[in-house]
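*Asks:* File final.cif follows (mmCIF, C-alpha atoms):
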data_protein
#
loop_
_atom_site.label_atom_id
_atom_site.label_comp_id
_atom_site.auth_asym_id
_atom_site.auth_seq_id
_atom_site.Cartn_x
_atom_site.Cartn_y
_atom_site.Cartn_z
CA MET A 1 -5.79 67.28 9.99
CA LYS A 2 -3.91 64.64 8.04
CA LYS A 3 -2.21 63.47 11.26
CA ILE A 4 -5.60 63.16 13.01
CA LEU A 5 -7.04 61.14 10.12
CA SER A 6 -3.99 58.90 10.02
CA GLY A 7 -4.34 58.24 13.74
CA ILE A 8 -8.02 57.39 13.38
CA VAL A 9 -7.26 54.95 10.54
CA ALA A 10 -4.51 53.32 12.57
CA LEU A 11 -6.77 52.87 15.61
CA PHE A 12 -9.53 51.47 13.38
CA CYS A 13 -7.15 48.93 11.87
CA ILE A 14 -5.83 47.84 15.25
CA GLY A 15 -9.11 47.73 17.11
CA GLY A 16 -11.68 46.73 14.51
CA VAL A 17 -10.16 45.06 11.47
CA HIS A 18 -7.65 42.21 11.78
CA ALA A 19 -5.45 41.29 8.84
CA GLN A 20 -5.46 37.61 7.93
CA VAL A 21 -2.07 36.02 8.59
CA LYS A 22 -1.39 32.56 7.20
CA MET A 23 0.17 30.21 9.73
CA PRO A 24 1.25 26.56 9.47
CA ALA A 25 -1.39 24.09 10.66
CA ALA A 26 -0.76 22.82 14.18
CA SER A 27 -1.50 19.28 12.96
CA PRO A 28 -0.90 19.30 9.18
CA THR A 29 -3.03 17.07 6.99
CA GLN A 30 -1.47 14.23 5.02
CA PHE A 31 -3.02 12.23 2.19
CA ILE A 32 -1.39 8.92 1.27
CA LYS A 33 -2.39 6.53 -1.48
CA GLN A 34 -1.15 3.00 -2.11
CA GLU A 35 -2.05 0.98 -5.19
CA PHE A 36 -3.05 -2.46 -3.96
CA GLY A 37 -4.39 -5.52 -5.76
CA LEU A 38 -6.74 -4.25 -8.46
CA GLY A 39 -7.51 -1.05 -6.57
CA SER A 40 -5.96 1.29 -4.03
CA ILE A 41 -6.08 2.34 -0.38
CA GLU A 42 -6.18 6.03 0.57
CA ILE A 43 -5.79 7.61 4.01
CA THR A 44 -6.45 11.24 4.98
CA TYR A 45 -5.45 12.27 8.49
CA SER A 46 -4.09 15.17 10.51
CA ARG A 47 -0.65 14.65 12.06
CA PRO A 48 -0.29 15.92 15.64
CA GLY A 49 3.16 16.32 17.16
CA LEU A 50 4.28 15.51 20.70
CA LYS A 51 5.70 18.99 21.35
CA GLY A 52 7.10 17.87 24.69
CA ARG A 53 3.81 16.36 25.84
CA ASN A 54 2.99 12.88 27.12
CA MET A 55 0.11 11.86 24.86
CA ILE A 56 -0.85 8.16 24.87
CA GLY A 57 -2.17 7.17 28.28
CA ASN A 58 -2.29 10.81 29.38
CA ILE A 59 -3.86 13.42 27.10
CA GLU A 60 -5.17 10.51 25.03
CA PRO A 61 -6.36 8.29 27.92
CA TRP A 62 -6.07 4.52 28.08
CA GLY A 63 -9.32 2.81 27.15
CA SER A 64 -10.83 5.79 25.31
CA VAL A 65 -11.68 5.99 21.62
CA TRP A 66 -8.97 8.01 19.86
CA ARG A 67 -9.44 9.59 16.46
CA THR A 68 -5.91 8.38 15.63
CA GLY A 69 -5.01 11.81 14.41
CA ALA A 70 -6.25 15.32 15.08
CA ASN A 71 -9.17 17.51 14.03
CA ALA A 72 -11.71 15.63 11.88
CA SER A 73 -11.91 11.84 11.96
CA THR A 74 -9.12 9.96 10.19
CA LYS A 75 -10.50 8.48 6.98
CA ILE A 76 -9.45 5.36 5.06
CA ARG A 77 -10.84 4.57 1.63
CA PHE A 78 -10.74 1.23 -0.19
CA THR A 79 -11.52 1.29 -3.90
CA ASP A 80 -11.83 -2.50 -3.95
CA GLU A 81 -12.89 -5.14 -1.43
CA VAL A 82 -10.26 -6.13 1.13
CA THR A 83 -10.05 -8.54 4.05
CA ILE A 84 -8.86 -7.50 7.53
CA ASN A 85 -8.69 -9.96 10.44
CA GLY A 86 -10.64 -12.49 8.37
CA LYS A 87 -13.52 -10.08 7.69
CA LYS A 88 -14.38 -8.80 4.20
CA ILE A 89 -14.56 -5.02 4.02
CA ASP A 90 -16.54 -3.57 1.12
CA SER A 91 -15.11 -0.78 -1.01
CA GLY A 92 -15.88 2.62 0.48
CA THR A 93 -14.69 5.18 3.02
CA TYR A 94 -14.49 4.54 6.76
CA ALA A 95 -13.45 6.43 9.87
CA LEU A 96 -10.35 4.92 11.45
CA TYR A 97 -10.23 4.82 15.26
CA THR A 98 -8.08 3.10 17.86
CA ILE A 99 -8.43 2.49 21.58
CA PRO A 100 -5.05 2.56 23.36
CA ALA A 101 -4.64 -0.08 26.07
CA GLN A 102 -2.16 -0.04 28.91
CA ASP A 103 -1.58 -3.80 28.58
CA GLY A 104 -0.53 -3.28 24.94
CA ASN A 105 -3.63 -4.91 23.41
CA TRP A 106 -5.03 -1.97 21.47
CA THR A 107 -8.30 -2.00 19.53
CA PHE A 108 -8.31 -1.07 15.83
CA ILE A 109 -11.68 0.13 14.50
CA LEU A 110 -13.25 0.92 11.15
CA ASN A 111 -16.46 2.88 11.60
CA LYS A 112 -19.19 4.40 9.42
CA GLY A 113 -18.92 7.81 11.11
CA VAL A 114 -16.87 9.54 8.43
CA ASN A 115 -18.50 12.91 9.19
CA ASN A 116 -17.63 12.80 12.90
CA TRP A 117 -15.39 15.51 14.29
CA GLY A 118 -12.72 13.32 15.76
CA ALA A 119 -14.28 10.90 18.25
CA THR A 120 -17.26 13.20 18.83
CA GLY A 121 -20.33 11.41 17.55
CA TYR A 122 -18.63 8.00 17.58
CA LYS A 123 -21.05 5.09 18.02
CA GLU A 124 -19.90 1.54 18.55
CA SER A 125 -23.02 0.42 16.69
CA ASP A 126 -21.51 2.01 13.55
CA ASP A 127 -18.39 -0.18 13.76
CA VAL A 128 -17.70 -2.19 10.61
CA LEU A 129 -14.57 -3.80 12.06
CA ARG A 130 -13.17 -4.09 15.55
CA MET A 131 -9.98 -6.08 16.19
CA LYS A 132 -7.27 -6.39 18.82
CA VAL A 133 -3.75 -5.37 17.78
CA LYS A 134 -0.65 -5.85 19.91
CA ALA A 135 1.23 -2.55 20.10
CA SER A 136 4.98 -2.67 19.59
CA LYS A 137 7.60 -0.44 21.19
CA ASN A 138 9.25 2.08 18.88
CA PRO A 139 13.07 2.18 19.11
CA GLY A 140 12.85 5.93 19.66
CA LYS A 141 10.07 8.42 20.24
CA VAL A 142 8.16 9.26 17.07
CA GLU A 143 7.50 13.00 17.25
CA THR A 144 4.81 13.23 14.56
CA LEU A 145 1.97 10.73 14.08
CA THR A 146 2.95 8.68 11.05
CA MET A 147 1.04 6.25 8.86
CA GLN A 148 2.63 4.27 6.04
CA PHE A 149 2.26 1.04 4.09
CA SER A 150 4.94 -1.66 4.06
CA ASP A 151 5.55 -5.18 2.74
CA VAL A 152 3.42 -4.37 -0.30
CA LYS A 153 2.66 -7.51 -2.30
CA PRO A 154 -0.02 -8.24 -4.94
CA GLU A 155 -2.47 -9.62 -2.38
CA SER A 156 -1.22 -8.37 0.99
CA LEU A 157 0.33 -5.37 2.73
CA LYS A 158 0.66 -3.86 6.20
CA LEU A 159 -0.64 -0.56 7.49
CA ASN A 160 1.77 0.89 10.06
CA ILE A 161 0.71 3.52 12.60
CA LYS A 162 3.45 5.05 14.78
CA TRP A 163 3.44 7.79 17.38
CA GLU A 164 5.34 8.46 20.58
CA ASP A 165 6.50 5.07 21.95
CA PHE A 166 3.86 2.97 20.23
CA GLY A 167 3.51 1.22 16.89
CA LEU A 168 0.61 -0.73 15.38
CA GLN A 169 0.76 -2.99 12.33
CA ILE A 170 -2.45 -4.06 10.62
CA PRO A 171 -2.25 -6.76 7.90
CA ILE A 172 -4.61 -6.18 4.96
CA PHE A 173 -5.40 -8.75 2.26
CA THR A 174 -7.19 -8.95 -1.07
CA ASN A 175 -8.04 -11.85 -3.37
CA ILE A 176 -7.32 -11.03 -6.99
CA THR A 177 -5.94 -14.34 -8.31
CA ASP A 178 -9.33 -15.85 -9.14
CA ARG A 179 -10.50 -12.70 -10.92
CA ILE A 180 -7.32 -12.38 -12.96
CA ARG A 181 -7.44 -16.07 -13.89
CA ALA A 182 -10.99 -15.65 -15.22
CA SER A 183 -9.93 -12.59 -17.23
CA ILE A 184 -6.86 -14.35 -18.63
CA GLU A 185 -8.81 -17.45 -19.64
CA GLU A 186 -11.46 -15.36 -21.35
CA ALA A 187 -8.87 -13.22 -23.16
CA LEU A 188 -7.04 -16.33 -24.40
CA LYS A 189 -10.17 -17.24 -26.38
CA SER A 190 -9.76 -14.14 -28.52
CA ASP A 191 -7.62 -13.75 -31.65
CA ASN A 192 -5.33 -11.26 -29.92
CA LYS A 193 -4.11 -13.53 -27.14
CA PRO A 194 -2.30 -11.88 -24.18
CA TYR A 195 0.47 -14.50 -24.04
CA TRP A 196 2.98 -12.36 -22.15
CA GLN A 197 0.52 -11.30 -19.44
CA ALA A 198 -0.70 -14.88 -19.18
CA ALA A 199 2.87 -16.14 -18.74
CA ALA A 200 3.41 -13.66 -15.90
CA PHE A 201 0.13 -14.67 -14.25
CA TYR A 202 0.71 -18.43 -14.41
CA PHE A 203 4.28 -18.00 -13.14
CA ASP A 204 3.83 -15.38 -10.39
CA TYR A 205 0.31 -16.04 -9.16
CA ASP A 206 -0.81 -19.53 -10.14
CA LYS A 207 2.61 -21.22 -9.84
CA ASN A 208 1.59 -23.31 -12.86
CA TYR A 209 5.00 -23.43 -14.51
CA LYS A 210 4.00 -25.73 -17.38
CA LYS A 211 1.25 -23.31 -18.35
CA ALA A 212 3.65 -20.39 -17.92
CA LEU A 213 6.10 -22.06 -20.34
CA GLU A 214 3.35 -22.60 -22.88
CA MET A 215 2.36 -18.94 -22.64
CA VAL A 216 5.90 -17.56 -22.86
CA ASN A 217 6.53 -19.73 -25.92
CA GLY A 218 3.39 -18.20 -27.44
CA ALA A 219 4.64 -14.70 -26.62
CA ILE A 220 8.06 -15.39 -28.18
CA ALA A 221 6.48 -16.95 -31.30
CA SER A 222 4.32 -13.86 -31.79
CA GLN A 223 7.39 -11.64 -32.14
CA LYS A 224 9.48 -11.17 -35.26
CA GLU A 225 12.54 -11.10 -33.04
CA ALA A 226 12.13 -12.32 -29.47
CA PRO A 227 13.01 -9.60 -26.91
CA TYR A 228 15.76 -10.53 -24.46
CA TYR A 229 13.44 -10.15 -21.47
CA MET A 230 11.02 -12.75 -22.84
CA VAL A 231 13.84 -15.17 -23.59
CA TYR A 232 15.26 -14.60 -20.11
CA GLN A 233 11.88 -15.30 -18.50
CA LYS A 234 11.59 -18.53 -20.47
CA ALA A 235 14.92 -19.64 -19.02
CA VAL A 236 13.69 -18.83 -15.50
CA ILE A 237 10.58 -20.94 -16.07
CA GLN A 238 12.62 -23.83 -17.49
CA LYS A 239 14.80 -23.73 -14.39
CA LYS A 240 11.71 -23.94 -12.18
CA LEU A 241 10.59 -26.99 -14.16
CA GLY A 242 13.94 -28.67 -13.59
CA ASP A 243 15.04 -28.40 -17.24
CA LYS A 244 18.59 -27.29 -16.49
CA LYS A 245 19.96 -27.92 -19.99
CA GLY A 246 17.07 -26.15 -21.69
CA ALA A 247 17.36 -23.21 -19.30
CA LYS A 248 21.10 -22.95 -19.96
CA ASP A 249 20.62 -22.89 -23.74
CA THR A 250 17.84 -20.32 -23.45
CA VAL A 251 19.60 -17.95 -21.07
CA THR A 252 22.69 -18.02 -23.31
CA LYS A 253 20.50 -16.58 -26.08
CA ALA A 254 19.02 -14.05 -23.66
CA LEU A 255 22.54 -12.95 -22.66
CA GLU A 256 23.58 -12.42 -26.28
CA ALA A 257 20.41 -10.43 -27.00
CA ALA A 258 20.78 -8.31 -23.85
CA LYS A 259 24.39 -7.45 -24.74
CA ALA A 260 23.36 -6.57 -28.29
CA ALA A 261 20.71 -4.24 -26.90
CA ASN A 262 23.18 -2.73 -24.39
CA ASN A 263 20.86 -3.61 -21.53
CA GLU A 264 23.05 -3.82 -18.45
CA ASN A 265 20.39 -5.14 -16.07
CA TYR A 266 19.41 -8.14 -18.17
CA THR A 267 23.04 -8.79 -19.03
CA ILE A 268 23.87 -9.07 -15.33
CA MET A 269 20.78 -11.17 -14.54
CA SER A 270 21.48 -13.51 -17.46
CA GLU A 271 25.09 -13.98 -16.38
CA GLN A 272 23.97 -14.72 -12.83
CA LEU A 273 21.39 -17.27 -14.00
CA LEU A 274 23.93 -18.90 -16.27
CA ALA A 275 26.33 -19.22 -13.33
CA GLU A 276 23.59 -20.87 -11.23
CA LEU A 277 22.99 -23.42 -13.98
CA LYS A 278 26.62 -24.58 -14.23
#
Step by step, read the file and then write its structure as structure tokens.
*Replies:*
Amino acid sequence: MKKILSGIVALFCIGGVHAQVKMPAASPTQFIKQEFGLGSIEITYSRPGLKGRNMIGNIEPWGSVWRTGANASTKIRFTDEVTINGKKIDSGTYALYTIPAQDGNWTFILNKGVNNWGATGYKESDDVLRMKVKASKNPGKVETLTMQFSDVKPESLKLNIKWEDFGLQIPIFTNITDRIRASIEEALKSDNKPYWQAAAFYFDYDKNYKKALEMVNGAIASQKEAPYYMVYQKAVIQKKLGDKKGAKDTVTKALEAAKAANNENYTIMSEQLLAELK
């Protein structure tokens, strides 16, 4: 009787109830985030592999809207306003599409259809941005669809999309200088003046080296003992202003302070700057 019952249970399990087995996703999802300007850019996409197939121009036909991924639509989110191809793009989430072209002049698209399943439901009327991008040739086949950011600077970066033989590079820009300047100028009216941040802004962003020197002097004066990194930065600014003697005297002090603090990086940088000033 036990054998009969065991056989019935076994048949029931095989024929009627299937155990759930976890398997790797065929096109695993990736989420990437890049801090940019005063915000960030986030991309969520599924990453198909070639798996011996010819994809672009074959399974993904020339001239057809491609989800630029797999499964659901690829999504890109901007937490702050950006500019792409001269057009301002408001903060928000967009579906990212491309149209492969045999002549190499692909189309890059940002679209409102974030709930689309891939390209299903895509409407050109929902496009927020449509631009031509010249595809480059990858040095070797890229097995898995890859997106990454490169050349990241305060107000510009590049989004790179690579798969199979093809690569796209989309420059993205943001304007933060004017907003930071307004914040700095307002903060400098307060009792607790952000001299060090202001010095960095006027040097790196505004290229106003006289103002940068004024601010770094304020930062140094506000300290009981000036940190070596502030003194070093003052020397860098003096060099930019053409004050070679002043820069030499200042960086000598920065070198002494860096050695006293056992800071190898600023010791090396100070020695290098001193050598440039000889």
*Asks:* Identify, on the basis of all atoms listed in the file, every residue whose closest approach to A:Phe149 does not exceed 12 Å; exclude the query and any residue fewer than 6 positions from it along the same chain; express the result as a list in words.
*Replies:*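 The residues that qualify are Ile32, Lys33, Gln34, Glu35, Phe36, Ser40, Ile41, Glu42, Ile43, Ser156, Leu157, Lys158, Leu159, Asn160, Ile161, Lys162, Leu168, Gln169, Ile170, Pro171 and Ile172 of chain A.
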*Asks:* If you take every atom of stretch 121-137 of chain A that the file lists and fit an axis-aligned box around them with 5 Å extra on each side, what centre and edge lengths come out in Å to one decimal, as JSON?
*Replies:*
{"center_x": -7.7, "center_y": 2.5, "center_z": 15.9, "size_x": 40.6, "size_y": 27.8, "size_z": 20.6}
*Asks:* Calculate how many Å separate atom CA of A:Ser270 from atom CA of A:Asn217, rounding to one decimal.
*Replies:* 18.3 Å
*Asks:* Do you have the atom CA of A:Met230-atom CA of A:Val216 distance handy?
*Replies:*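 Those two atoms sit 7.0 Å apart.
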*Asks:* Enumerate, as a PyMOL selection string, the residues matched when the PyMOL selection byres ((chain A and resi 85) around 8) is run on the file above.
*Replies:* chain A and resi 83-84+86-87+131+171-172
*Asks:* Choose the residue, out of A:Ala101, A:Asn115, A:Gly49, A:Thr120, that has the smallest atom-to-atom separation from A:Lys75; count only C-alpha atoms.
*Replies:*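 Nearest candidate to A:Lys75 out of A:Ala101, A:Asn115, A:Gly49, A:Thr120: A:Asn115.
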*Asks:* Report as a PyMOL selection string the full result of the PyMOL selection byres ((chain A and resi 202) around 10) when it is applied to this structure.
*Replies:* chain A and resi 177+181+184+197-201+203-216
*Asks:* If we count all atoms listed in the file, what is near A:Leu145 at a cut-off of 6 Å, once residues fewer than 2 positions away on the same chain are taken out, given as a list in words?
*Replies:*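 Contacts, in chain order: Arg47, Pro48, Lys162 and Trp163 of chain A.
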*Asks:* Check what the PyMOL selection byres ((chain A and resi 231) around 9) selects in the file above and give those residues as a PyMOL selection string.
*Replies:* chain A and resi 216-217+220+226-230+232-236+250-251+253-254+257
*Asks:* Using only C-alpha atoms, determine which residues lie at most 9 Å from stretch 272-277 of chain A, disregarding the query and same-chain residues fewer than 2 positions distant; provide the list as a list in words.
*Replies:*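 Near stretch 272-277 of chain A, the qualifying residues are Ala235, Val236, Lys239, Lys244, Lys245, Ala247, Lys248, Val251, Thr252, Leu255, Thr267, Ile268, Met269 and Ser270 of chain A.
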*Asks:* Taking (-6.8, -5.0, -13.2) in the file's coordinates as the center, which residues reach within 9 Å of it, counting all atoms listed in the file, put as a list of chain:residue names?
*Replies:*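 Checking each residue against the 9 Å limit leaves A:Gly37, A:Leu38, A:Gly39, A:Ile176, A:Arg179, A:Ile180.
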*Asks:* For A:Gly104, which of A:Gly57, A:Gly92, A:Gly246, A:Pro154 is the closest residue, counting all atoms listed in the file?
*Replies:* A:Gly57
*Asks:* Write out as number ranges by chain the residues lying within 12 Å of A:Thr144, counting only C-alpha atoms and excluding same-chain residues fewer than 6 positions away.
*Replies:* A: 26-30, 45-53, 55, 68-70, 161-166
*Asks:* Please produce a file of those selected residues containing C-alpha atoms, as a short mmCIF file (atom, residue, chain, number, x, y, z; two decimals), in the coordinates of the input.
*Replies:*
data_model
loop_
_atom_site.label_atom_id
_atom_site.label_comp_id
_atom_site.auth_asym_id
_atom_site.auth_seq_id
_atom_site.Cartn_x
_atom_site.Cartn_y
_atom_site.Cartn_z
CA ALA A 26 -0.76 22.82 14.18
CA SER A 27 -1.50 19.28 12.96
CA PRO A 28 -0.90 19.30 9.18
CA THR A 29 -3.03 17.07 6.99
CA GLN A 30 -1.47 14.23 5.02
CA TYR A 45 -5.45 12.27 8.49
CA SER A 46 -4.09 15.17 10.51
CA ARG A 47 -0.65 14.65 12.06
CA PRO A 48 -0.29 15.92 15.64
CA GLY A 49 3.16 16.32 17.16
CA LEU A 50 4.28 15.51 20.70
CA LYS A 51 5.70 18.99 21.35
CA GLY A 52 7.10 17.87 24.69
CA ARG A 53 3.81 16.36 25.84
CA MET A 55 0.11 11.86 24.86
CA THR A 68 -5.91 8.38 15.63
CA GLY A 69 -5.01 11.81 14.41
CA ALA A 70 -6.25 15.32 15.08
CA ILE A 161 0.71 3.52 12.60
CA LYS A 162 3.45 5.05 14.78
CA TRP A 163 3.44 7.79 17.38
CA GLU A 164 5.34 8.46 20.58
CA ASP A 165 6.50 5.07 21.95
CA PHE A 166 3.86 2.97 20.23
#
*Asks:* Which residues, written as a PDB file with C-alpha atoms, in the coordinates of the input, have at least one atom at most 7 Å from A:Ser64, with all atoms listed in the file counted and residues fewer than 3 positions away on the same chain left out?
*Replies:*
ATOM      1  CA  PRO A  61      -6.360   8.290  27.920  1.00  0.00           C
ATOM      2  CA  ILE A  99      -8.430   2.490  21.580  1.00  0.00           C
ATOM      3  CA  PRO A 100      -5.050   2.560  23.360  1.00  0.00           C
TER       4      PRO A 100
END
*Asks:* Which distance in Å separates atom CA of A:Val65 and atom CA of A:Tyr122, to one decimal?
*Replies:* 8.3 Å
*Asks:* With distances taken over all atoms listed in the file, which residue among A:Pro24, A:Ser125, A:Phe108, A:Gly167 lies nearest A:Gly140?
*Replies:*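 Checking each candidate against A:Gly140, we get A:Gly167 as the closest.
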*Asks:* Have a look at A:Asn54, A:Ser190, A:Asn116, A:Ser91 and name the one nearest to A:Ala72; count all atoms listed in the file.
*Replies:* A:Asn116
*Asks:* Which residue is closest to A:Thr107? Choose from A:Asp90, A:Asp191, A:Glu155, A:Asp127 and count all atoms listed in the file.
*Replies:*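 Once distances to A:Thr107 are computed over all atoms listed in the file, the minimum belongs to A:Asp127.
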*Asks:* Taking only C-alpha atoms into account, name the residue in A:Phe173, A:Trp66, A:Phe78, A:Trp117 that is nearest to A:Leu96.
*Replies:*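 Of the candidates, the smallest distance to A:Leu96 is held by A:Trp66.
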